[in-house]
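Raw protein.tsv, TSV, C-alpha atoms and all ligand atoms:
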chain	number	residue	atom	x	y	z
B	1	ALA	CA	-11.32	10.87	12.98
B	2	PRO	CA	-9.80	7.49	13.88
B	3	PRO	CA	-11.70	4.49	12.49
B	4	GLN	CA	-14.35	3.05	14.79
B	5	PRO	CA	-14.78	-0.65	15.60
B	6	PRO	CA	-17.02	-2.56	13.17
B	7	SER	CA	-20.66	-2.12	14.26
B	8	SER	CA	-22.08	-5.15	12.45
B	9	SER	CA	-19.98	-7.65	14.42
B	10	SER	CA	-21.99	-10.37	16.16
B	11	LYS	CA	-19.08	-11.06	18.51
B	12	PRO	CA	-19.21	-9.81	22.13
B	13	MET	CA	-17.72	-6.33	22.59
B	14	ARG	CA	-14.04	-6.37	23.52
B	15	ALA	CA	-12.61	-3.77	25.87
B	16	ALA	CA	-10.97	-0.87	23.98
B	17	LEU	CA	-7.25	-1.31	23.62
B	18	THR	CA	-4.78	1.05	25.25
B	19	GLY	CA	-1.12	1.98	24.84
B	20	ILE	CA	1.02	0.27	22.23
B	21	ASP	CA	-1.72	-2.13	21.14
B	22	ALA	CA	-4.11	0.77	20.51
B	23	ALA	CA	-1.39	2.48	18.45
B	24	LYS	CA	-0.83	-0.66	16.38
B	25	GLN	CA	-4.55	-1.11	15.84
B	26	LEU	CA	-5.03	2.49	14.75
B	27	ALA	CA	-2.18	2.25	12.22
B	28	ALA	CA	-3.45	-1.05	10.83
B	29	TRP	CA	-7.11	-0.03	10.60
B	30	THR	CA	-6.32	3.29	8.93
B	31	ALA	CA	-3.99	1.67	6.39
B	32	VAL	CA	-6.61	-0.98	5.51
B	33	ASP	CA	-9.29	1.69	5.12
B	34	GLU	CA	-7.08	3.67	2.74
B	35	HIS	CA	-5.31	0.92	0.80
B	36	VAL	CA	-7.34	-2.30	0.78
B	37	LEU	CA	-9.95	-1.32	-1.78
B	38	PRO	CA	-13.03	-3.27	-2.92
B	39	GLU	CA	-11.37	-4.03	-6.28
B	40	HIS	CA	-8.30	-5.57	-4.58
B	41	LYS	CA	-8.45	-9.35	-4.87
B	42	LEU	CA	-4.86	-10.48	-4.13
B	43	ILE	CA	-3.56	-9.32	-0.78
B	44	GLY	CA	-0.23	-9.99	0.96
B	45	ILE	CA	-0.34	-10.30	4.75
B	46	GLY	CA	2.90	-9.60	6.64
B	47	SER	CA	4.24	-10.81	9.98
B	48	GLY	CA	4.45	-9.55	13.55
B	49	SER	CA	2.16	-8.24	16.25
B	50	THR	CA	0.60	-5.36	14.25
B	51	VAL	CA	-0.60	-7.50	11.37
B	52	PRO	CA	-3.44	-9.25	13.30
B	53	PHE	CA	-5.13	-5.83	13.39
B	54	VAL	CA	-4.81	-5.68	9.58
B	55	VAL	CA	-6.68	-8.98	9.27
B	56	GLU	CA	-9.24	-7.82	11.85
B	57	ARG	CA	-10.04	-4.73	9.76
B	58	ILE	CA	-10.13	-6.67	6.48
B	59	LEU	CA	-12.66	-9.05	8.07
B	60	ALA	CA	-14.79	-6.04	8.98
B	61	GLN	CA	-15.05	-5.21	5.25
B	62	GLY	CA	-17.46	-8.14	5.13
B	63	LYS	CA	-17.85	-11.64	3.77
B	64	GLU	CA	-19.16	-10.46	0.41
B	65	LEU	CA	-15.89	-8.68	-0.46
B	66	ASN	CA	-13.62	-11.25	1.14
B	67	LYS	CA	-15.12	-14.30	-0.54
B	68	ASP	CA	-13.56	-13.25	-3.88
B	69	ARG	CA	-10.14	-12.48	-2.39
B	70	VAL	CA	-6.99	-14.56	-1.95
B	71	PHE	CA	-4.54	-13.81	0.87
B	72	LEU	CA	-0.82	-14.62	0.71
B	73	PRO	CA	1.19	-15.06	3.93
B	74	THR	CA	4.80	-14.03	4.63
B	75	GLY	CA	5.36	-16.87	7.09
B	76	PHE	CA	3.88	-19.46	9.41
B	77	GLN	CA	2.28	-16.87	11.71
B	78	SER	CA	0.39	-15.03	8.96
B	79	LYS	CA	-0.63	-18.32	7.35
B	80	GLU	CA	-2.28	-19.27	10.66
B	81	LEU	CA	-3.89	-15.83	10.88
B	82	ILE	CA	-5.40	-16.16	7.40
B	83	VAL	CA	-6.63	-19.71	7.93
B	84	ASN	CA	-8.08	-19.02	11.39
B	85	ALA	CA	-9.92	-15.98	10.02
B	86	GLY	CA	-11.62	-18.21	7.44
B	87	LEU	CA	-10.00	-16.33	4.54
B	88	THR	CA	-8.73	-18.01	1.37
B	89	LEU	CA	-5.03	-18.85	1.45
B	90	GLY	CA	-2.93	-18.53	-1.69
B	91	ASP	CA	0.67	-19.02	-2.74
B	92	VAL	CA	3.00	-16.72	-4.64
B	93	ASP	CA	3.60	-19.61	-7.10
B	94	GLN	CA	0.00	-19.19	-8.22
B	95	TYR	CA	-0.17	-15.41	-7.80
B	96	PRO	CA	3.18	-13.70	-8.46
B	97	ASN	CA	1.56	-10.25	-8.74
B	98	LEU	CA	-0.50	-8.84	-5.88
B	99	ASP	CA	-2.67	-5.76	-5.49
B	100	VAL	CA	-1.43	-4.75	-2.06
B	101	THR	CA	0.78	-6.07	0.76
B	102	ILE	CA	0.55	-4.70	4.29
B	103	ASP	CA	3.30	-5.50	6.79
B	104	GLY	CA	4.90	-4.29	10.01
B	105	ALA	CA	8.47	-2.98	10.41
B	106	ASP	CA	11.13	-2.75	13.08
B	107	GLU	CA	12.15	0.78	12.12
B	108	VAL	CA	11.30	3.21	9.29
B	109	ASP	CA	13.46	6.19	8.35
B	110	ARG	CA	12.45	9.56	6.89
B	111	ARG	CA	12.72	8.19	3.32
B	112	LEU	CA	10.60	5.09	4.09
B	113	ASN	CA	13.59	2.76	4.16
B	114	CYS	CA	12.87	0.00	6.67
B	115	ILE	CA	14.62	-2.52	8.85
B	116	LYS	CA	12.56	-5.70	8.87
B	117	GLY	CA	13.13	-9.25	10.05
B	118	GLY	CA	12.73	-8.90	13.82
B	119	GLY	CA	10.54	-11.98	13.44
B	120	ALA	CA	12.98	-13.63	10.99
B	121	CYS	CA	10.52	-13.43	8.07
B	122	GLN	CA	12.37	-10.92	5.87
B	123	LEU	CA	12.86	-13.17	2.83
B	124	ARG	CA	9.17	-13.95	2.31
B	125	GLU	CA	8.25	-10.44	3.39
B	126	LYS	CA	10.47	-8.96	0.70
B	127	VAL	CA	9.11	-11.29	-1.98
B	128	LEU	CA	5.52	-10.27	-1.19
B	129	ALA	CA	6.45	-6.59	-0.84
B	130	GLU	CA	8.04	-6.68	-4.31
B	131	ALA	CA	5.17	-8.68	-5.76
B	132	ALA	CA	2.62	-6.05	-4.73
B	133	GLU	CA	1.52	-3.04	-6.73
B	134	THR	CA	1.36	-1.20	-3.39
B	135	PHE	CA	3.41	-2.00	-0.28
B	136	ILE	CA	2.28	-0.38	2.97
B	137	ILE	CA	3.90	-0.40	6.44
B	138	VAL	CA	1.90	-0.35	9.68
B	139	ALA	CA	3.55	0.19	13.07
B	140	ASP	CA	3.37	1.94	16.40
B	141	PHE	CA	5.17	5.24	17.06
B	142	ARG	CA	8.32	3.52	18.39
B	143	LYS	CA	9.25	2.45	14.85
B	144	ASN	CA	9.14	5.95	13.37
B	145	SER	CA	12.59	7.53	13.14
B	146	GLU	CA	14.73	9.86	11.05
B	147	THR	CA	17.63	7.45	10.53
B	148	LEU	CA	17.73	3.65	10.83
B	149	GLY	CA	19.54	2.30	13.87
B	150	THR	CA	18.14	5.01	16.17
B	151	THR	CA	15.55	2.88	17.94
B	152	TRP	CA	16.28	-0.59	16.52
B	153	LYS	CA	19.70	-1.33	18.03
B	154	GLN	CA	19.77	-5.04	17.28
B	155	GLY	CA	21.08	-4.49	13.74
B	156	VAL	CA	20.11	-5.54	10.24
B	157	PRO	CA	18.57	-9.03	10.20
B	158	ILE	CA	20.25	-11.13	7.50
B	159	GLU	CA	18.92	-14.54	6.49
B	160	VAL	CA	21.87	-16.79	5.67
B	161	THR	CA	22.42	-20.33	4.52
B	162	PRO	CA	23.62	-22.31	7.60
B	163	PHE	CA	26.73	-23.66	5.81
B	164	ALA	CA	28.10	-20.13	5.34
B	165	TYR	CA	27.29	-18.47	8.66
B	166	ALA	CA	30.78	-18.53	10.23
B	167	ARG	CA	32.40	-17.01	7.15
B	168	LEU	CA	29.62	-14.46	6.87
B	169	LEU	CA	30.19	-13.37	10.47
B	170	GLN	CA	33.88	-12.79	9.62
B	171	ASN	CA	32.95	-10.84	6.49
B	172	LEU	CA	30.42	-8.68	8.36
B	173	HIS	CA	32.96	-7.95	11.11
B	174	ARG	CA	35.38	-6.84	8.35
B	175	MET	CA	32.62	-4.67	6.85
B	176	GLY	CA	32.54	-2.77	10.14
B	177	SER	CA	29.70	-4.55	11.90
B	178	LYS	CA	31.86	-5.62	14.85
B	179	ALA	CA	28.87	-6.84	16.88
B	180	ALA	CA	27.32	-8.97	14.12
B	181	ALA	CA	26.10	-12.18	15.75
B	182	LEU	CA	24.10	-15.29	15.01
B	183	ARG	CA	20.54	-14.95	16.35
B	184	MET	CA	19.91	-17.55	19.04
B	185	ALA	CA	16.57	-19.03	20.05
B	186	LYS	CA	15.19	-18.21	23.50
B	187	ALA	CA	17.15	-19.87	26.33
B	188	LYS	CA	20.00	-20.17	23.77
B	189	ALA	CA	18.73	-23.61	22.77
B	190	GLY	CA	20.37	-23.16	19.36
B	191	PRO	CA	20.21	-20.79	16.40
B	192	VAL	CA	16.88	-19.36	15.24
B	193	VAL	CA	15.80	-21.25	12.12
B	194	THR	CA	13.63	-19.42	9.58
B	195	ASP	CA	10.57	-20.77	7.75
B	196	ASN	CA	13.05	-21.53	4.93
B	197	GLY	CA	15.44	-23.58	7.10
B	198	ASN	CA	18.07	-20.83	7.26
B	199	PHE	CA	19.87	-18.97	10.09
B	200	VAL	CA	19.68	-15.25	10.91
B	201	ILE	CA	22.61	-12.92	11.63
B	202	ASP	CA	21.90	-9.55	13.25
B	203	ALA	CA	24.44	-6.97	12.06
B	204	PRO	CA	24.45	-3.50	13.64
B	205	PHE	CA	26.15	-0.60	11.81
B	206	SER	CA	27.29	2.86	12.83
B	207	SER	CA	24.84	5.75	12.55
B	208	SER	CA	26.83	7.28	9.66
B	209	ARG	CA	26.51	4.05	7.68
B	210	TYR	CA	22.75	3.93	8.33
B	211	GLU	CA	22.50	7.25	6.47
B	212	GLU	CA	23.00	5.19	3.27
B	213	PRO	CA	21.03	1.97	3.81
B	214	GLU	CA	21.04	1.18	0.06
B	215	GLN	CA	24.84	0.96	0.20
B	216	ILE	CA	24.75	-1.41	3.21
B	217	LEU	CA	22.15	-3.50	1.37
B	218	ARG	CA	24.28	-3.72	-1.78
B	219	GLU	CA	27.41	-4.73	0.14
B	220	ILE	CA	25.70	-7.43	2.20
B	221	LYS	CA	23.90	-8.85	-0.84
B	222	MET	CA	27.29	-9.45	-2.50
B	223	LEU	CA	28.45	-11.81	0.28
B	224	THR	CA	28.27	-15.48	-0.60
B	225	GLY	CA	25.70	-17.34	1.48
B	226	VAL	CA	23.39	-14.38	2.08
B	227	VAL	CA	19.80	-15.31	1.24
B	228	GLU	CA	18.10	-11.96	1.96
B	229	VAL	CA	18.74	-8.78	3.89
B	230	GLY	CA	16.17	-7.11	6.16
B	231	LEU	CA	16.73	-3.68	4.63
B	232	PHE	CA	13.77	-2.62	2.49
B	233	CYS	CA	14.91	0.40	0.47
B	234	ASN	CA	12.61	2.37	-1.83
B	235	MET	CA	9.85	-0.21	-1.49
B	236	ALA	CA	7.09	1.19	0.73
B	237	LYS	CA	4.55	3.58	-0.73
B	238	ALA	CA	3.51	4.81	2.73
B	239	ALA	CA	4.00	4.07	6.42
B	240	TYR	CA	1.27	4.46	9.08
B	241	PHE	CA	2.26	4.96	12.72
B	242	GLY	CA	-0.26	4.97	15.57
B	243	ASN	CA	0.74	7.47	18.27
B	244	GLU	CA	0.33	7.30	22.05
B	245	ASP	CA	-2.18	10.18	22.06
B	246	GLY	CA	-4.53	8.43	19.62
B	247	SER	CA	-3.36	10.40	16.58
B	248	ILE	CA	-1.78	8.93	13.48
B	249	THR	CA	1.37	9.87	11.57
B	250	ILE	CA	1.48	8.97	7.88
B	251	LYS	CA	4.67	9.29	5.88
K	1	LIG	C1	9.07	-9.85	11.03
K	1	LIG	C2	8.95	-8.39	10.79
K	1	LIG	C3	7.85	-7.68	11.48
K	1	LIG	O1	7.02	-7.09	10.55
K	1	LIG	C4	8.45	-6.66	12.41
K	1	LIG	O2	9.28	-7.35	13.34
K	1	LIG	C5	7.41	-5.82	13.13
K	1	LIG	O3	6.73	-6.54	14.08
K	1	LIG	P1	5.68	-5.89	15.10
K	1	LIG	O4	4.45	-5.54	14.31
K	1	LIG	O5	5.46	-6.99	16.11
K	1	LIG	O6	6.32	-4.68	15.71
K	1	LIG	O7	9.70	-7.80	10.05
K	1	LIG	O8	10.16	-10.40	10.35
Taking this structure as input, can you express it in the form of structure tokens?
Ligand code: 5RP
Amino acid sequence: APPQPPSSSSKPMRAALTGIDAAKQLAAWTAVDEHVLPEHKLIGIGSGSTVPFVVERILAQGKELNKDRVFLPTGFQSKELIVNAGLTLGDVDQYPNLDVTIDGADEVDRRLNCIKGGGACQLREKVLAEAAETFIIVADFRKNSETLGTTWKQGVPIEVTPFAYARLLQNLHRMGSKAAALRMAKAKAGPVVTDNGNFVIDAPFSSSRYEEPEQILREIKMLTGVVEVGLFCNMAKAAYFGNEDGSITIK
């Protein structure tokens, strides 16, 4: 049965969520119930619109458990989430090994390879995913696919050092990503700048190339000026997808 809202909350009841938000909440709550265990003290919190439901469910585990825990953010948004929830904020400098990290994804294939970085946080997300004993993905059903590039058409998000972006675009075009482009801020006010002061290039590939995401990852990593690639291969232990009908898919 899907997890129920926390009963001990003193806050006023909120209307039940519907649609995509309900799917995100179900994925996040189920993953927390199964993977954030009482003995876990160091917890990585990812980025995006599904992750607030992760924090919501962790809070429902109670003050007693959470007072001995430290939470590490993957970016400005999750730092705010942690602080506003009254949880203890930590840094990977102090805690380079975590118990568990839970994060969203833009697309997840049948082998649990992911495209991440829709929110331009892929560098810190990958550091905290690698740092964790267990890395778990939470998402709604739209992110669940057989092969990458099926639903996420925007391409692989690549964080790059600003000095190298023009050459990197050339190199990516030569690699076959003809539509690779610098990610622009809304209203095209200028390039998106990451929490690390870098730019992001979105590089789409053909469906045949997405069959081997490790190969794409290796090739892009070799290019000078690339900081990190939003392809997470062989990293996630499990992915939780909330479905439209209120069921959950775990893979
Ligand atoms: C940010 C990410 C996010 O985790 C990803 O974009 C998923 O976000 P959402 O939960 O809003 O669908 O990789 O860089």
Q: Collect all residues with atoms no farther than 7 Å from ligand LIG 1 (chain K), counting all atoms listed in the file, and output them as a list in words.
A: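 Checking all atoms listed in the file against ligand LIG 1 (chain K) at 7 Å gives Gly46, Ser47, Gly48, Ser49, Thr50, Val51, Asp103, Gly104, Ala105, Asp106, Lys116, Gly117, Gly118, Gly119, Ala120, Cys121, Gln122 and Ala139 of chain B.
CA of Asp91 in chain B to CA of Ala129 in chain B spans 13.8 Å [interatomic distance, one decimal].
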Q) Quick one: residues within 9 Å of Glu56 in chain B, all atoms listed in the file counted, chain neighbours fewer than 4 positions away excluded, as an MDAnalysis selection string? A) chainID B and resid 28:29 51:52 60 85
Q) Looking at only C-alpha atoms, which of B:Ser247, B:Thr74, B:Gln215, B:Asn113 is the one that sits closest to Asn234 in chain B? A)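 Closest to Asn234 in chain B, using only C-alpha atoms: B:Asn113.
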Q: Between B:Glu159, B:Glu214, B:Asp202, B:Glu130, single out the one closest to Ser177 in chain B, counting all atoms listed in the file.
A: B:Asp202
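CA of Arg124 in chain B is positioned 9.2 Å from CA of Glu228 in chain B.
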Q: Could you check which of B:Val108, B:Ala203, B:Ile43, B:Val229 is closest to Gly90 in chain B, using only C-alpha atoms?
A: B:Ile43
Q) Taking (5.7, 5.6, 1.6) in the file's coordinates as the center, which residues reach within 9 Å of it, counting all atoms listed in the file, put as an NGL selection string? A) :B and (111-113 or 135-137 or 234-240 or 250-251)
**Q.** Option closest in space to Asp33 in chain B, from B:Ala189, B:Ile82, B:Ile45, B:Ile102 [counting only C-alpha atoms]
**A.**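 The answer is B:Ile102, which sits nearest to Asp33 in chain B.
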